[in-house]
Amino acid sequence: MTVTIPHPPAAEAADRFSSSSLRLSLAPVGPAPALLDGAWWPRSRDLAAELPSLTAVLDPLWGRITRVTVNPVHWPVVPRKVPVAGHVVKVGWFRSEQDPHELLLLSYHAGRWNLLVIPPQTPAASAARLMAAASDLLGTSTASRLMEEEARLRTVAETDRAGEAVWDSEGGREAGARTVRPGIPTTTATTAAMPHELTGR
């Protein structure tokens, strides 16, 4: 079963999450569990403020969440307990034993789950890619590896954009637009390349 709240296509990067929606994507249940059970994109690094809405969704799906552990590297304050709807979640932390980009959730007698925690300031397009990757039932990447790969993709994209900007500033796009084969009128070349459906013929 896949639960995505919400999980729109990656192409629709702008405005995909409303201010009141929980940003969570869960992997379907399968015979061979992946390293991650999904991804959570909190709006802040305040566990006391963020955990209640997360457990409100997960309790009916996974059983009552009773304990959560984090790596304190990315959490400025790790409270010992967080009151949620109808009960209290105990919070612990492990510095060396737990992936810094992972949240571990435990449900008494029901199981344990690992979620990738996407940093709150992550751009929507990156968050959508990370959610999809962390929710892949066949996924074999750790939370940190997914974050490293996304950082690499963003660096490549930024480098490409910077190169295009330099090319444009040096007249690259305009120079390319002015390049026409000798002896072929521009209008003829353009019309011939267009399919009949587009030209209306």
# chains A, B, ... in the order shown; residues from 1 in each chain; ligands from 1
$ residues_around --residues "A:Gly86" --least-positions-apart "3" --cutoff "10 Å" --atoms "only C-alpha atoms" --output "list in words"
Ala56, Arg64 and Pro83 of chain A
$ select_by_dssp --residues "stretch 106-161 of chain A" --states "alpha helix (DSSP H)" --output "PDB file with N, CA, C and O atoms, in the first residue's frame"
ATOM      1  N   ALA A 124      10.886  22.277  -3.657  1.00  0.00           N
ATOM      2  CA  ALA A 124       9.807  21.312  -3.897  1.00  0.00           C
ATOM      3  C   ALA A 124      10.187  20.238  -4.909  1.00  0.00           C
ATOM      4  O   ALA A 124       9.851  19.065  -4.733  1.00  0.00           O
ATOM      5  N   ALA A 125      10.881  20.613  -5.985  1.00  0.00           N
ATOM      6  CA  ALA A 125      11.252  19.616  -7.003  1.00  0.00           C
ATOM      7  C   ALA A 125      12.199  18.571  -6.426  1.00  0.00           C
ATOM      8  O   ALA A 125      12.054  17.370  -6.685  1.00  0.00           O
ATOM      9  N   SER A 126      13.148  18.997  -5.611  1.00  0.00           N
ATOM     10  CA  SER A 126      14.069  18.058  -4.971  1.00  0.00           C
ATOM     11  C   SER A 126      13.333  17.162  -3.980  1.00  0.00           C
ATOM     12  O   SER A 126      13.576  15.960  -3.910  1.00  0.00           O
ATOM     13  N   ALA A 127      12.434  17.759  -3.212  1.00  0.00           N
ATOM     14  CA  ALA A 127      11.668  16.980  -2.234  1.00  0.00           C
ATOM     15  C   ALA A 127      10.824  15.914  -2.928  1.00  0.00           C
ATOM     16  O   ALA A 127      10.720  14.782  -2.442  1.00  0.00           O
ATOM     17  N   ALA A 128      10.234  16.249  -4.065  1.00  0.00           N
ATOM     18  CA  ALA A 128       9.425  15.270  -4.800  1.00  0.00           C
ATOM     19  C   ALA A 128      10.277  14.098  -5.266  1.00  0.00           C
ATOM     20  O   ALA A 128       9.869  12.940  -5.174  1.00  0.00           O
ATOM     21  N   ARG A 129      11.485  14.384  -5.748  1.00  0.00           N
ATOM     22  CA  ARG A 129      12.382  13.298  -6.175  1.00  0.00           C
ATOM     23  C   ARG A 129      12.787  12.435  -4.996  1.00  0.00           C
ATOM     24  O   ARG A 129      12.816  11.202  -5.087  1.00  0.00           O
ATOM     25  N   LEU A 130      13.098  13.064  -3.866  1.00  0.00           N
ATOM     26  CA  LEU A 130      13.504  12.312  -2.681  1.00  0.00           C
ATOM     27  C   LEU A 130      12.359  11.458  -2.146  1.00  0.00           C
ATOM     28  O   LEU A 130      12.564  10.317  -1.723  1.00  0.00           O
ATOM     29  N   MET A 131      11.154  12.002  -2.161  1.00  0.00           N
ATOM     30  CA  MET A 131      10.000  11.231  -1.697  1.00  0.00           C
ATOM     31  C   MET A 131       9.778   9.995  -2.561  1.00  0.00           C
ATOM     32  O   MET A 131       9.512   8.903  -2.056  1.00  0.00           O
ATOM     33  N   ALA A 132       9.889  10.175  -3.868  1.00  0.00           N
ATOM     34  CA  ALA A 132       9.707   9.046  -4.778  1.00  0.00           C
ATOM     35  C   ALA A 132      10.784   7.983  -4.553  1.00  0.00           C
ATOM     36  O   ALA A 132      10.492   6.787  -4.506  1.00  0.00           O
ATOM     37  N   ALA A 133      12.019   8.406  -4.387  1.00  0.00           N
ATOM     38  CA  ALA A 133      13.124   7.460  -4.197  1.00  0.00           C
ATOM     39  C   ALA A 133      13.000   6.717  -2.872  1.00  0.00           C
ATOM     40  O   ALA A 133      13.227   5.508  -2.800  1.00  0.00           O
ATOM     41  N   ALA A 134      12.632   7.428  -1.810  1.00  0.00           N
ATOM     42  CA  ALA A 134      12.526   6.798  -0.493  1.00  0.00           C
ATOM     43  C   ALA A 134      11.322   5.884  -0.384  1.00  0.00           C
ATOM     44  O   ALA A 134      11.281   5.010   0.485  1.00  0.00           O
ATOM     45  N   ALA A 143      19.320   6.694   3.719  1.00  0.00           N
ATOM     46  CA  ALA A 143      18.850   8.075   3.716  1.00  0.00           C
ATOM     47  C   ALA A 143      19.969   9.030   3.321  1.00  0.00           C
ATOM     48  O   ALA A 143      19.781   9.924   2.494  1.00  0.00           O
ATOM     49  N   SER A 144      21.151   8.851   3.895  1.00  0.00           N
ATOM     50  CA  SER A 144      22.274   9.739   3.566  1.00  0.00           C
ATOM     51  C   SER A 144      22.686   9.609   2.108  1.00  0.00           C
ATOM     52  O   SER A 144      23.031  10.600   1.467  1.00  0.00           O
ATOM     53  N   ARG A 145      22.635   8.402   1.559  1.00  0.00           N
ATOM     54  CA  ARG A 145      23.013   8.222   0.161  1.00  0.00           C
ATOM     55  C   ARG A 145      22.027   8.935  -0.762  1.00  0.00           C
ATOM     56  O   ARG A 145      22.422   9.540  -1.762  1.00  0.00           O
ATOM     57  N   LEU A 146      20.740   8.872  -0.427  1.00  0.00           N
ATOM     58  CA  LEU A 146      19.748   9.589  -1.237  1.00  0.00           C
ATOM     59  C   LEU A 146      19.987  11.095  -1.183  1.00  0.00           C
ATOM     60  O   LEU A 146      19.879  11.784  -2.203  1.00  0.00           O
ATOM     61  N   MET A 147      20.318  11.608  -0.002  1.00  0.00           N
ATOM     62  CA  MET A 147      20.582  13.039   0.129  1.00  0.00           C
ATOM     63  C   MET A 147      21.832  13.439  -0.654  1.00  0.00           C
ATOM     64  O   MET A 147      21.867  14.496  -1.291  1.00  0.00           O
ATOM     65  N   GLU A 148      22.860  12.591  -0.639  1.00  0.00           N
ATOM     66  CA  GLU A 148      24.088  12.883  -1.394  1.00  0.00           C
ATOM     67  C   GLU A 148      23.818  12.887  -2.892  1.00  0.00           C
ATOM     68  O   GLU A 148      24.319  13.755  -3.626  1.00  0.00           O
ATOM     69  N   GLU A 149      23.024  11.928  -3.365  1.00  0.00           N
ATOM     70  CA  GLU A 149      22.714  11.857  -4.794  1.00  0.00           C
ATOM     71  C   GLU A 149      21.894  13.064  -5.235  1.00  0.00           C
ATOM     72  O   GLU A 149      22.123  13.639  -6.302  1.00  0.00           O
ATOM     73  N   GLU A 150      20.937  13.477  -4.405  1.00  0.00           N
ATOM     74  CA  GLU A 150      20.132  14.654  -4.744  1.00  0.00           C
ATOM     75  C   GLU A 150      20.999  15.908  -4.761  1.00  0.00           C
ATOM     76  O   GLU A 150      20.832  16.771  -5.636  1.00  0.00           O
ATOM     77  N   ALA A 151      21.939  16.024  -3.822  1.00  0.00           N
ATOM     78  CA  ALA A 151      22.850  17.174  -3.818  1.00  0.00           C
ATOM     79  C   ALA A 151      23.701  17.188  -5.078  1.00  0.00           C
ATOM     80  O   ALA A 151      23.943  18.250  -5.666  1.00  0.00           O
ATOM     81  N   ARG A 152      24.131  16.016  -5.533  1.00  0.00           N
ATOM     82  CA  ARG A 152      24.923  15.932  -6.762  1.00  0.00           C
ATOM     83  C   ARG A 152      24.087  16.365  -7.973  1.00  0.00           C
ATOM     84  O   ARG A 152      24.559  17.137  -8.815  1.00  0.00           O
ATOM     85  N   LEU A 153      22.844  15.900  -8.044  1.00  0.00           N
ATOM     86  CA  LEU A 153      21.971  16.288  -9.152  1.00  0.00           C
ATOM     87  C   LEU A 153      21.726  17.792  -9.168  1.00  0.00           C
ATOM     88  O   LEU A 153      21.721  18.425 -10.230  1.00  0.00           O
ATOM     89  N   ARG A 154      21.532  18.383  -8.002  1.00  0.00           N
ATOM     90  CA  ARG A 154      21.291  19.830  -7.932  1.00  0.00           C
ATOM     91  C   ARG A 154      22.535  20.605  -8.348  1.00  0.00           C
ATOM     92  O   ARG A 154      22.430  21.631  -9.018  1.00  0.00           O
ATOM     93  N   THR A 155      23.714  20.108  -7.969  1.00  0.00           N
ATOM     94  CA  THR A 155      24.963  20.771  -8.362  1.00  0.00           C
ATOM     95  C   THR A 155      25.138  20.738  -9.874  1.00  0.00           C
ATOM     96  O   THR A 155      25.514  21.740 -10.492  1.00  0.00           O
ATOM     97  N   VAL A 156      24.852  19.581 -10.470  1.00  0.00           N
ATOM     98  CA  VAL A 156      24.951  19.454 -11.935  1.00  0.00           C
ATOM     99  C   VAL A 156      23.975  20.409 -12.610  1.00  0.00           C
ATOM    100  O   VAL A 156      24.325  21.104 -13.572  1.00  0.00           O
ATOM    101  N   ALA A 157      22.741  20.463 -12.116  1.00  0.00           N
ATOM    102  CA  ALA A 157      21.737  21.344 -12.711  1.00  0.00           C
ATOM    103  C   ALA A 157      22.139  22.810 -12.585  1.00  0.00           C
ATOM    104  O   ALA A 157      21.987  23.600 -13.527  1.00  0.00           O
ATOM    105  N   GLU A 158      22.674  23.198 -11.430  1.00  0.00           N
ATOM    106  CA  GLU A 158      23.102  24.583 -11.228  1.00  0.00           C
ATOM    107  C   GLU A 158      24.290  24.931 -12.124  1.00  0.00           C
ATOM    108  O   GLU A 158      24.375  26.041 -12.659  1.00  0.00           O
ATOM    109  N   THR A 159      25.197  23.975 -12.303  1.00  0.00           N
ATOM    110  CA  THR A 159      26.343  24.193 -13.192  1.00  0.00           C
ATOM    111  C   THR A 159      25.875  24.375 -14.630  1.00  0.00           C
ATOM    112  O   THR A 159      26.359  25.250 -15.352  1.00  0.00           O
ATOM    113  N   ASP A 160      24.905  23.546 -15.043  1.00  0.00           N
ATOM    114  CA  ASP A 160      24.355  23.667 -16.398  1.00  0.00           C
ATOM    115  C   ASP A 160      23.690  25.023 -16.599  1.00  0.00           C
ATOM    116  O   ASP A 160      23.864  25.669 -17.632  1.00  0.00           O
ATOM    117  N   ARG A 161      22.912  25.465 -15.596  1.00  0.00           N
ATOM    118  CA  ARG A 161      22.233  26.767 -15.710  1.00  0.00           C
ATOM    119  C   ARG A 161      23.244  27.906 -15.775  1.00  0.00           C
ATOM    120  O   ARG A 161      23.070  28.861 -16.529  1.00  0.00           O
TER     121      ARG A 161
END
$ closest_residue --among "A:Leu24, A:Leu106, A:Ala39, A:Ala48" --to "A:Val68" --atoms "only C-alpha atoms"
A:Leu106
$ atom_distance --atom1 "atom CA of A:His87" --atom2 "atom CA of A:Pro42"
20.9 Å
$ atom_distance --atom1 "atom CA of A:Leu26" --atom2 "atom CA of A:Val88"
22.9 Å
$ closest_residue --among "A:Glu97, A:Leu116, A:Asp37, A:Arg43" --to "A:Arg23" --atoms "only C-alpha atoms"
A:Arg43
$ closest_residue --among "A:Val117, A:Leu103, A:Leu137, A:Leu54" --to "A:Ala85" --atoms "only C-alpha atoms"
A:Leu54
$ atom_distance --atom1 "atom CA of A:Pro52" --atom2 "atom CA of A:Leu104"
15.1 Å
$ closest_atom_pairs --of "stretch 40-98 of chain A" --to "stretch 112-115 of chain A" --cutoff "10 Å" --atoms "only C-alpha atoms" --output "CSV"
residue,atom,partner,partner_atom,distance
A:Trp40,CA,A:Leu115,CA,6.4
A:Trp41,CA,A:Leu115,CA,9.7
A:Trp62,CA,A:Arg112,CA,8.9
A:Ile65,CA,A:Arg112,CA,9.1
A:Arg67,CA,A:Arg112,CA,9.4
A:Val68,CA,A:Arg112,CA,9.5
A:Thr69,CA,A:Asn114,CA,9.8
$ write_last_selection --atoms "all heavy atoms" --output "short mmCIF file (atom, residue, chain, number, x, y, z; two decimals), in the first residue's frame"
data_model
loop_
_atom_site.label_atom_id
_atom_site.label_comp_id
_atom_site.auth_asym_id
_atom_site.auth_seq_id
_atom_site.Cartn_x
_atom_site.Cartn_y
_atom_site.Cartn_z
N TRP A 40 9.55 11.80 4.95
CA TRP A 40 8.78 12.83 5.65
C TRP A 40 9.49 14.15 5.43
O TRP A 40 10.70 14.27 5.59
CB TRP A 40 8.72 12.49 7.13
CG TRP A 40 8.03 13.49 8.00
CD1 TRP A 40 6.86 14.15 7.76
CD2 TRP A 40 8.46 13.90 9.31
NE1 TRP A 40 6.53 14.95 8.83
CE2 TRP A 40 7.50 14.83 9.80
CE3 TRP A 40 9.56 13.59 10.11
CZ2 TRP A 40 7.61 15.44 11.04
CZ3 TRP A 40 9.68 14.20 11.35
CH2 TRP A 40 8.71 15.11 11.81
N TRP A 41 8.70 15.16 5.03
CA TRP A 41 9.25 16.50 4.77
C TRP A 41 8.64 17.47 5.77
O TRP A 41 7.65 18.14 5.49
CB TRP A 41 8.92 16.90 3.33
CG TRP A 41 9.53 18.17 2.86
CD1 TRP A 41 10.59 18.84 3.37
CD2 TRP A 41 9.10 18.94 1.72
NE1 TRP A 41 10.85 19.98 2.64
CE2 TRP A 41 9.95 20.06 1.62
CE3 TRP A 41 8.08 18.78 0.79
CZ2 TRP A 41 9.80 21.02 0.62
CZ3 TRP A 41 7.93 19.73 -0.21
CH2 TRP A 41 8.78 20.84 -0.29
N TRP A 62 -0.03 2.07 11.07
CA TRP A 62 1.03 1.21 11.57
C TRP A 62 0.80 0.72 13.00
O TRP A 62 1.56 -0.08 13.51
CB TRP A 62 2.37 1.95 11.52
CG TRP A 62 2.89 2.18 10.13
CD1 TRP A 62 2.43 1.62 8.97
CD2 TRP A 62 3.98 3.02 9.75
NE1 TRP A 62 3.15 2.05 7.90
CE2 TRP A 62 4.13 2.92 8.35
CE3 TRP A 62 4.85 3.85 10.44
CZ2 TRP A 62 5.10 3.61 7.63
CZ3 TRP A 62 5.82 4.53 9.73
CH2 TRP A 62 5.94 4.41 8.34
N ILE A 65 2.23 4.78 17.48
CA ILE A 65 3.66 5.05 17.58
C ILE A 65 3.98 5.40 19.02
O ILE A 65 3.40 6.33 19.59
CB ILE A 65 4.08 6.22 16.65
CG1 ILE A 65 3.71 5.90 15.18
CG2 ILE A 65 5.58 6.51 16.78
CD1 ILE A 65 4.36 4.68 14.60
N ARG A 67 7.48 5.29 20.28
CA ARG A 67 8.84 5.80 20.46
C ARG A 67 9.41 6.25 19.13
O ARG A 67 9.15 5.66 18.08
CB ARG A 67 9.74 4.72 21.08
CG ARG A 67 11.13 5.20 21.44
CD ARG A 67 11.87 4.15 22.24
NE ARG A 67 13.23 4.57 22.56
CZ ARG A 67 13.57 5.37 23.55
NH1 ARG A 67 12.63 5.85 24.35
NH2 ARG A 67 14.83 5.70 23.77
N VAL A 68 10.22 7.30 19.18
CA VAL A 68 10.88 7.85 18.00
C VAL A 68 12.34 8.10 18.36
O VAL A 68 12.62 8.56 19.48
CB VAL A 68 10.21 9.17 17.55
CG1 VAL A 68 11.06 9.91 16.53
CG2 VAL A 68 8.83 8.90 16.97
N THR A 69 13.23 7.79 17.44
CA THR A 69 14.63 8.16 17.67
C THR A 69 15.15 8.95 16.48
O THR A 69 14.72 8.74 15.34
CB THR A 69 15.53 6.93 17.90
OG1 THR A 69 15.60 6.15 16.72
CG2 THR A 69 15.03 6.08 19.05
#
$ decode --residues "stretch 127-167 of chain A" --atoms "C-alpha atoms" --output "JSON list (two decimals), in the first residue's frame"
[["chain", "number", "residue", "atom", "x", "y", "z"],
["A", 127, "ALA", "CA", 11.67, 16.98, -2.23],
["A", 128, "ALA", "CA", 9.43, 15.27, -4.80],
["A", 129, "ARG", "CA", 12.38, 13.30, -6.18],
["A", 130, "LEU", "CA", 13.50, 12.31, -2.68],
["A", 131, "MET", "CA", 10.00, 11.23, -1.70],
["A", 132, "ALA", "CA", 9.71, 9.05, -4.78],
["A", 133, "ALA", "CA", 13.12, 7.46, -4.20],
["A", 134, "ALA", "CA", 12.53, 6.80, -0.49],
["A", 135, "SER", "CA", 9.13, 5.24, -1.23],
["A", 136, "ASP", "CA", 10.49, 2.81, -3.82],
["A", 137, "LEU", "CA", 9.82, -0.73, -2.58],
["A", 138, "LEU", "CA", 12.99, -1.92, -4.33],
["A", 139, "GLY", "CA", 15.12, 0.91, -2.98],
["A", 140, "THR", "CA", 18.55, -0.05, -1.70],
["A", 141, "SER", "CA", 19.88, 3.39, -0.77],
["A", 142, "THR", "CA", 20.28, 4.72, 2.74],
["A", 143, "ALA", "CA", 18.85, 8.08, 3.72],
["A", 144, "SER", "CA", 22.27, 9.74, 3.57],
["A", 145, "ARG", "CA", 23.01, 8.22, 0.16],
["A", 146, "LEU", "CA", 19.75, 9.59, -1.24],
["A", 147, "MET", "CA", 20.58, 13.04, 0.13],
["A", 148, "GLU", "CA", 24.09, 12.88, -1.39],
["A", 149, "GLU", "CA", 22.71, 11.86, -4.79],
["A", 150, "GLU", "CA", 20.13, 14.65, -4.74],
["A", 151, "ALA", "CA", 22.85, 17.17, -3.82],
["A", 152, "ARG", "CA", 24.92, 15.93, -6.76],
["A", 153, "LEU", "CA", 21.97, 16.29, -9.15],
["A", 154, "ARG", "CA", 21.29, 19.83, -7.93],
["A", 155, "THR", "CA", 24.96, 20.77, -8.36],
["A", 156, "VAL", "CA", 24.95, 19.45, -11.94],
["A", 157, "ALA", "CA", 21.74, 21.34, -12.71],
["A", 158, "GLU", "CA", 23.10, 24.58, -11.23],
["A", 159, "THR", "CA", 26.34, 24.19, -13.19],
["A", 160, "ASP", "CA", 24.36, 23.67, -16.40],
["A", 161, "ARG", "CA", 22.23, 26.77, -15.71],
["A", 162, "ALA", "CA", 25.35, 28.84, -14.99],
["A", 163, "GLY", "CA", 26.91, 27.65, -18.27],
["A", 164, "GLU", "CA", 23.78, 28.57, -20.21],
["A", 165, "ALA", "CA", 23.72, 32.00, -18.59],
["A", 166, "VAL", "CA", 27.32, 32.64, -19.67],
["A", 167, "TRP", "CA", 26.56, 31.38, -23.17]]
